[in-house]
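Structure data follow from model19.cif (mmCIF, C-alpha atoms):
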data_input
#
loop_
_atom_site.label_atom_id
_atom_site.label_comp_id
_atom_site.auth_asym_id
_atom_site.auth_seq_id
_atom_site.Cartn_x
_atom_site.Cartn_y
_atom_site.Cartn_z
CA MET A 1 -4.12 -39.12 -66.01
CA ASP A 2 -3.78 -36.00 -63.89
CA MET A 3 -1.03 -37.02 -61.50
CA LEU A 4 0.09 -34.61 -58.83
CA ILE A 5 3.76 -33.67 -58.71
CA GLU A 6 3.94 -35.01 -55.17
CA GLU A 7 2.72 -38.41 -56.39
CA ALA A 8 4.86 -38.43 -59.52
CA PHE A 9 8.06 -37.61 -57.67
CA LYS A 10 7.08 -39.29 -54.38
CA ASN A 11 7.87 -36.10 -52.41
CA ASP A 12 11.54 -36.51 -53.28
CA MET A 13 13.48 -33.84 -51.37
CA LYS A 14 16.11 -33.43 -54.11
CA PHE A 15 13.39 -32.74 -56.64
CA GLN A 16 11.66 -30.25 -54.35
CA LYS A 17 14.91 -28.40 -53.66
CA ALA A 18 15.81 -28.30 -57.36
CA ARG A 19 12.31 -27.06 -58.23
CA ASP A 20 12.45 -24.35 -55.56
CA ASN A 21 15.96 -23.23 -56.58
CA SER A 22 14.96 -23.10 -60.25
CA PHE A 23 11.90 -21.04 -59.47
CA GLN A 24 13.90 -18.65 -57.30
CA ASN A 25 16.49 -18.24 -60.05
CA PHE A 26 13.73 -17.57 -62.57
CA MET A 27 12.13 -14.99 -60.28
CA ASN A 28 15.39 -13.11 -59.87
CA GLU A 29 16.62 -13.14 -63.48
CA CYS A 30 14.84 -9.85 -64.18
CA ASP A 31 15.54 -6.87 -61.93
CA LYS A 32 11.97 -5.61 -62.57
CA THR A 33 10.32 -8.63 -60.93
CA PRO A 34 9.89 -6.91 -57.52
CA HIS A 35 8.14 -4.00 -59.26
CA HIS A 36 5.90 -6.36 -61.23
CA ILE A 37 4.86 -8.21 -58.09
CA ALA A 38 4.16 -4.89 -56.33
CA PHE A 39 1.98 -3.77 -59.27
CA TYR A 40 0.20 -7.12 -59.26
CA THR A 41 -0.44 -6.68 -55.52
CA ASP A 42 -1.73 -3.16 -56.16
CA ASN A 43 -4.17 -4.51 -58.75
CA GLU A 44 -5.36 -7.17 -56.31
CA PHE A 45 -6.15 -4.51 -53.72
CA LYS A 46 -7.87 -2.24 -56.24
CA LYS A 47 -10.02 -4.81 -58.04
CA ALA A 48 -9.46 -8.52 -57.65
CA LEU A 49 -10.15 -8.92 -53.93
CA LYS A 50 -13.53 -7.22 -54.21
CA GLN A 51 -15.81 -10.25 -54.53
CA LEU A 52 -13.72 -12.75 -52.58
CA SER A 53 -14.39 -14.36 -49.22
CA ASP A 54 -12.03 -13.81 -46.30
CA ASP A 55 -10.47 -17.25 -46.86
CA GLU A 56 -9.90 -16.55 -50.55
CA ILE A 57 -8.35 -13.17 -49.75
CA GLU A 58 -6.01 -14.81 -47.25
CA LYS A 59 -4.97 -17.40 -49.85
CA ARG A 60 -4.24 -14.68 -52.43
CA LEU A 61 -2.19 -12.67 -49.93
CA ASP A 62 -0.31 -15.79 -48.84
CA ALA A 63 0.55 -16.48 -52.49
CA ILE A 64 1.90 -12.95 -52.90
CA VAL A 65 3.99 -13.30 -49.74
CA ARG A 66 5.36 -16.64 -51.00
CA LEU A 67 6.47 -14.88 -54.19
CA PHE A 68 7.95 -12.08 -52.10
CA CYS A 69 9.97 -14.63 -50.13
CA CYS A 70 11.64 -15.79 -53.36
CA LEU A 71 12.87 -12.31 -54.22
CA HIS A 72 16.41 -11.09 -53.74
CA GLY A 73 15.15 -7.53 -54.29
CA ARG A 74 12.84 -7.43 -51.30
CA ASP A 75 13.75 -3.80 -50.56
CA THR A 76 12.71 -2.87 -54.09
CA PHE A 77 9.37 -4.59 -53.61
CA ILE A 78 8.84 -2.86 -50.25
CA ALA A 79 9.61 0.55 -51.76
CA SER A 80 7.23 -0.01 -54.69
CA TYR A 81 4.57 -1.50 -52.43
CA THR A 82 4.83 1.48 -50.06
CA ASN A 83 4.38 3.99 -52.88
CA LEU A 84 1.43 2.09 -54.34
CA LEU A 85 -0.18 1.70 -50.92
CA ALA A 86 0.16 5.45 -50.36
CA LEU A 87 -1.64 6.09 -53.65
CA ARG A 88 -4.39 3.60 -52.76
CA LEU A 89 -4.88 5.25 -49.39
CA LEU A 90 -4.88 8.81 -50.75
CA ASN A 91 -7.22 7.96 -53.63
CA LYS A 92 -9.33 5.58 -51.52
CA THR A 93 -9.06 2.90 -54.19
CA SER A 94 -8.45 -0.10 -51.96
CA VAL A 95 -11.35 -2.54 -51.80
CA SER A 96 -10.59 -3.62 -48.22
CA ASN A 97 -8.77 -1.96 -45.34
CA GLU A 98 -8.90 -5.29 -43.51
CA ALA A 99 -7.03 -6.98 -46.35
CA GLU A 100 -4.50 -4.13 -46.41
CA GLU A 101 -3.90 -4.58 -42.70
CA LEU A 102 -3.58 -8.35 -43.11
CA MET A 103 -0.98 -7.89 -45.85
CA ILE A 104 1.00 -5.51 -43.65
CA LYS A 105 0.97 -8.11 -40.86
CA LYS A 106 2.13 -10.83 -43.25
CA LEU A 107 4.97 -8.64 -44.53
CA GLN A 108 5.90 -7.81 -40.95
CA VAL A 109 6.28 -11.52 -40.18
CA GLU A 110 8.58 -11.98 -43.19
CA CYS A 111 10.60 -8.75 -42.97
CA GLY A 112 10.51 -7.75 -39.36
CA HIS A 113 9.01 -4.81 -37.54
CA ASN A 114 11.62 -2.22 -38.58
CA THR A 115 11.22 -2.79 -42.31
CA VAL A 116 7.43 -2.57 -42.24
CA ASN A 117 7.10 0.12 -39.57
CA LYS A 118 6.86 2.98 -42.11
CA ILE A 119 4.11 1.16 -44.02
CA LYS A 120 2.23 0.32 -40.84
CA THR A 121 2.44 3.88 -39.51
CA MET A 122 1.32 5.35 -42.84
CA PHE A 123 -1.63 2.95 -42.99
CA GLU A 124 -2.70 3.68 -39.41
CA ASP A 125 -2.42 7.45 -39.92
CA MET A 126 -4.60 7.32 -43.04
CA ILE A 127 -7.21 5.11 -41.38
CA LYS A 128 -7.47 7.48 -38.40
CA SER A 129 -8.03 10.54 -40.61
#

Let me see whether you can do it: turn the structure in this file into structure tokens.
Amino acid sequence: MDMLIEEAFKNDMKFQKARDNSFQNFMNECDKTPHHIAFYTDNEFKKALKQLSDDEIEKRLDAIVRLFCCLHGRDTFIASYTNLLALRLLNKTSVSNEAEELMIKKLQVECGHNTVNKIKTMFEDMIKS
């Protein structure tokens, strides 16, 4: 009874494109979505990633980056993410510096070096001190 979408729609490209466009439209209907995703990410780094394996952490971060890729307000997400990261670093509330570094690398792939440079520099400065 549980049929996968791929099986039900036979990997139809029109369906996949319509699904992806609908999801992207949904994600961008509310101008607060980038903030919400940044706060969700903050919560992941403060609590949720604590008991997870490296593979599970990578899957969670990949899911966040996939959501990020759907956003039109990427700059808003980056600004919120930067502020929340600064608070995590100052208050030492992150459960994993390795996961933080991995997320920065993933964002760098999606946004480019210039966009993520401030975040990367801030992270490296706090780790050194």

Shortest interatomic distance to Cys70 in chain A - which of A:Ala99, A:Leu52, A:Met27, A:Ala38, counting all atoms listed in the file: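 Looking only at the distances to Cys70 in chain A, the closest residue turns out to be A:Met27.
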
Starting from the displayed file, determine the output of the PyMOL selection byres ((chain A and resi 93) around 12) and express the residue list as an mmCIF file with C-alpha atoms, in the coordinates of the input.
data_model
loop_
_atom_site.group_PDB
_atom_site.id
_atom_site.type_symbol
_atom_site.label_atom_id
_atom_site.label_comp_id
_atom_site.auth_asym_id
_atom_site.auth_seq_id
_atom_site.Cartn_x
_atom_site.Cartn_y
_atom_site.Cartn_z
ATOM 1 C CA ASP A 42 -1.730 -3.160 -56.160
ATOM 2 C CA ASN A 43 -4.170 -4.510 -58.750
ATOM 3 C CA GLU A 44 -5.360 -7.170 -56.310
ATOM 4 C CA PHE A 45 -6.150 -4.510 -53.720
ATOM 5 C CA LYS A 46 -7.870 -2.240 -56.240
ATOM 6 C CA LYS A 47 -10.020 -4.810 -58.040
ATOM 7 C CA ALA A 48 -9.460 -8.520 -57.650
ATOM 8 C CA LEU A 49 -10.150 -8.920 -53.930
ATOM 9 C CA LYS A 50 -13.530 -7.220 -54.210
ATOM 10 C CA LEU A 84 1.430 2.090 -54.340
ATOM 11 C CA LEU A 85 -0.180 1.700 -50.920
ATOM 12 C CA ALA A 86 0.160 5.450 -50.360
ATOM 13 C CA LEU A 87 -1.640 6.090 -53.650
ATOM 14 C CA ARG A 88 -4.390 3.600 -52.760
ATOM 15 C CA LEU A 89 -4.880 5.250 -49.390
ATOM 16 C CA LEU A 90 -4.880 8.810 -50.750
ATOM 17 C CA ASN A 91 -7.220 7.960 -53.630
ATOM 18 C CA LYS A 92 -9.330 5.580 -51.520
ATOM 19 C CA SER A 94 -8.450 -0.100 -51.960
ATOM 20 C CA VAL A 95 -11.350 -2.540 -51.800
ATOM 21 C CA SER A 96 -10.590 -3.620 -48.220
ATOM 22 C CA ASN A 97 -8.770 -1.960 -45.340
ATOM 23 C CA GLU A 100 -4.500 -4.130 -46.410
#

Residues returned when the PyMOL selection byres ((chain A and resi 78) around 10) runs on this file, as a list in words: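 For this structure, the PyMOL selection byres ((chain A and resi 78) around 10) resolves to Pro34, His35, Ala38, Phe68, Gly73, Arg74, Asp75, Thr76, Phe77, Ala79, Ser80, Tyr81, Thr82, Asn83, Leu84, Leu107, Cys111, Thr115, Val116 and Ile119 of chain A.
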
Residues from the last selection, C-alpha atoms, saved as a short mmCIF file (atom, residue, chain, number, x, y, z; two decimals), in the coordinates of the input:
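The file below, part-v3.cif, is the result:
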data_model
loop_
_atom_site.label_atom_id
_atom_site.label_comp_id
_atom_site.auth_asym_id
_atom_site.auth_seq_id
_atom_site.Cartn_x
_atom_site.Cartn_y
_atom_site.Cartn_z
CA PRO A 34 9.89 -6.91 -57.52
CA HIS A 35 8.14 -4.00 -59.26
CA ALA A 38 4.16 -4.89 -56.33
CA PHE A 68 7.95 -12.08 -52.10
CA GLY A 73 15.15 -7.53 -54.29
CA ARG A 74 12.84 -7.43 -51.30
CA ASP A 75 13.75 -3.80 -50.56
CA THR A 76 12.71 -2.87 -54.09
CA PHE A 77 9.37 -4.59 -53.61
CA ALA A 79 9.61 0.55 -51.76
CA SER A 80 7.23 -0.01 -54.69
CA TYR A 81 4.57 -1.50 -52.43
CA THR A 82 4.83 1.48 -50.06
CA ASN A 83 4.38 3.99 -52.88
CA LEU A 84 1.43 2.09 -54.34
CA LEU A 107 4.97 -8.64 -44.53
CA CYS A 111 10.60 -8.75 -42.97
CA THR A 115 11.22 -2.79 -42.31
CA VAL A 116 7.43 -2.57 -42.24
CA ILE A 119 4.11 1.16 -44.02
#

Residue members of the PyMOL selection byres ((chain A and resi 60) around 12) in the file shown, as a tab-separated table (two decimals) with C-alpha atoms, in the frame of the given file:
chain	number	residue	atom	x	y	z
A	40	TYR	CA	0.20	-7.12	-59.26
A	41	THR	CA	-0.44	-6.68	-55.52
A	43	ASN	CA	-4.17	-4.51	-58.75
A	44	GLU	CA	-5.36	-7.17	-56.31
A	45	PHE	CA	-6.15	-4.51	-53.72
A	48	ALA	CA	-9.46	-8.52	-57.65
A	49	LEU	CA	-10.15	-8.92	-53.93
A	52	LEU	CA	-13.72	-12.75	-52.58
A	53	SER	CA	-14.39	-14.36	-49.22
A	54	ASP	CA	-12.03	-13.81	-46.30
A	55	ASP	CA	-10.47	-17.25	-46.86
A	56	GLU	CA	-9.90	-16.55	-50.55
A	57	ILE	CA	-8.35	-13.17	-49.75
A	58	GLU	CA	-6.01	-14.81	-47.25
A	59	LYS	CA	-4.97	-17.40	-49.85
A	61	LEU	CA	-2.19	-12.67	-49.93
A	62	ASP	CA	-0.31	-15.79	-48.84
A	63	ALA	CA	0.55	-16.48	-52.49
A	64	ILE	CA	1.90	-12.95	-52.90
A	65	VAL	CA	3.99	-13.30	-49.74
A	66	ARG	CA	5.36	-16.64	-51.00
A	67	LEU	CA	6.47	-14.88	-54.19
A	99	ALA	CA	-7.03	-6.98	-46.35
A	102	LEU	CA	-3.58	-8.35	-43.11
A	103	MET	CA	-0.98	-7.89	-45.85
A	106	LYS	CA	2.13	-10.83	-43.25

Computed interatomic separation between CA of Asp31 in chain A and CA of Phe15 in chain A (Å): 26.5 Å

Gap from CA of Leu71 in chain A to CA of Asn28 in chain A - Å, one decimal: 6.2 Å

Shortest interatomic distance to Gln108 in chain A - which of A:Lys128, A:Lys17, A:His72, A:Lys120, counting all atoms listed in the file: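 For Gln108 in chain A, the nearest of the candidates is A:Lys120.
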
Minimum-distance residue to Asp20 in chain A, chosen among A:Phe123, A:Cys69, A:Glu98, A:Asn117 (using only C-alpha atoms): A:Cys69

Gap from CA of Phe23 in chain A to CA of Val109 in chain A - Å, one decimal: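 Atom-to-atom, CA of Phe23 in chain A and CA of Val109 in chain A are spaced 22.2 Å apart.
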
Is there a way to complete range 71-93 of chain A with N, CA and C atoms and then write that out as a compact mmCIF listing (two decimals), keeping the file's coordinate frame?
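Resulting contents of result-v2.txt:
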# COMPACT_ATOMS: atom_id res chain seq x y z
N LEU A 71 12.17 -13.44 -53.63
CA LEU A 71 12.87 -12.31 -54.22
C LEU A 71 14.18 -12.00 -53.50
N HIS A 72 15.19 -11.65 -54.31
CA HIS A 72 16.41 -11.09 -53.74
C HIS A 72 16.23 -9.59 -53.54
N GLY A 73 15.39 -8.96 -54.36
CA GLY A 73 15.15 -7.53 -54.29
C GLY A 73 13.96 -7.19 -53.42
N ARG A 74 13.96 -7.69 -52.21
CA ARG A 74 12.84 -7.43 -51.30
C ARG A 74 12.69 -5.94 -50.99
N ASP A 75 13.82 -5.24 -50.84
CA ASP A 75 13.75 -3.80 -50.56
C ASP A 75 13.08 -3.05 -51.71
N THR A 76 13.33 -3.49 -52.92
CA THR A 76 12.71 -2.87 -54.09
C THR A 76 11.20 -3.09 -54.06
N PHE A 77 10.80 -4.31 -53.72
CA PHE A 77 9.37 -4.59 -53.61
C PHE A 77 8.75 -3.71 -52.53
N ILE A 78 9.37 -3.65 -51.37
CA ILE A 78 8.84 -2.86 -50.25
C ILE A 78 8.70 -1.40 -50.65
N ALA A 79 9.69 -0.85 -51.33
CA ALA A 79 9.61 0.55 -51.76
C ALA A 79 8.46 0.76 -52.74
N SER A 80 8.33 -0.13 -53.72
CA SER A 80 7.23 -0.01 -54.69
C SER A 80 5.89 -0.21 -54.01
N TYR A 81 5.81 -1.21 -53.15
CA TYR A 81 4.57 -1.50 -52.43
C TYR A 81 4.15 -0.30 -51.58
N THR A 82 5.12 0.32 -50.91
CA THR A 82 4.83 1.48 -50.06
C THR A 82 4.26 2.62 -50.88
N ASN A 83 4.86 2.91 -52.02
CA ASN A 83 4.38 3.99 -52.88
C ASN A 83 2.97 3.69 -53.40
N LEU A 84 2.75 2.46 -53.82
CA LEU A 84 1.43 2.09 -54.34
C LEU A 84 0.37 2.09 -53.24
N LEU A 85 0.75 1.66 -52.05
CA LEU A 85 -0.18 1.70 -50.92
C LEU A 85 -0.55 3.15 -50.61
N ALA A 86 0.43 4.04 -50.62
CA ALA A 86 0.16 5.45 -50.36
C ALA A 86 -0.85 6.00 -51.36
N LEU A 87 -0.69 5.64 -52.62
CA LEU A 87 -1.64 6.09 -53.65
C LEU A 87 -3.03 5.50 -53.42
N ARG A 88 -3.09 4.22 -53.05
CA ARG A 88 -4.39 3.60 -52.76
C ARG A 88 -5.07 4.30 -51.59
N LEU A 89 -4.31 4.60 -50.57
CA LEU A 89 -4.88 5.25 -49.39
C LEU A 89 -5.34 6.67 -49.70
N LEU A 90 -4.52 7.42 -50.41
CA LEU A 90 -4.88 8.81 -50.75
C LEU A 90 -6.09 8.88 -51.69
N ASN A 91 -6.13 7.96 -52.64
CA ASN A 91 -7.22 7.96 -53.63
C ASN A 91 -8.41 7.11 -53.21
N LYS A 92 -8.27 6.46 -52.05
CA LYS A 92 -9.33 5.58 -51.52
C LYS A 92 -9.76 4.54 -52.56
N THR A 93 -8.77 3.88 -53.15
CA THR A 93 -9.06 2.90 -54.19
C THR A 93 -8.92 1.46 -53.73
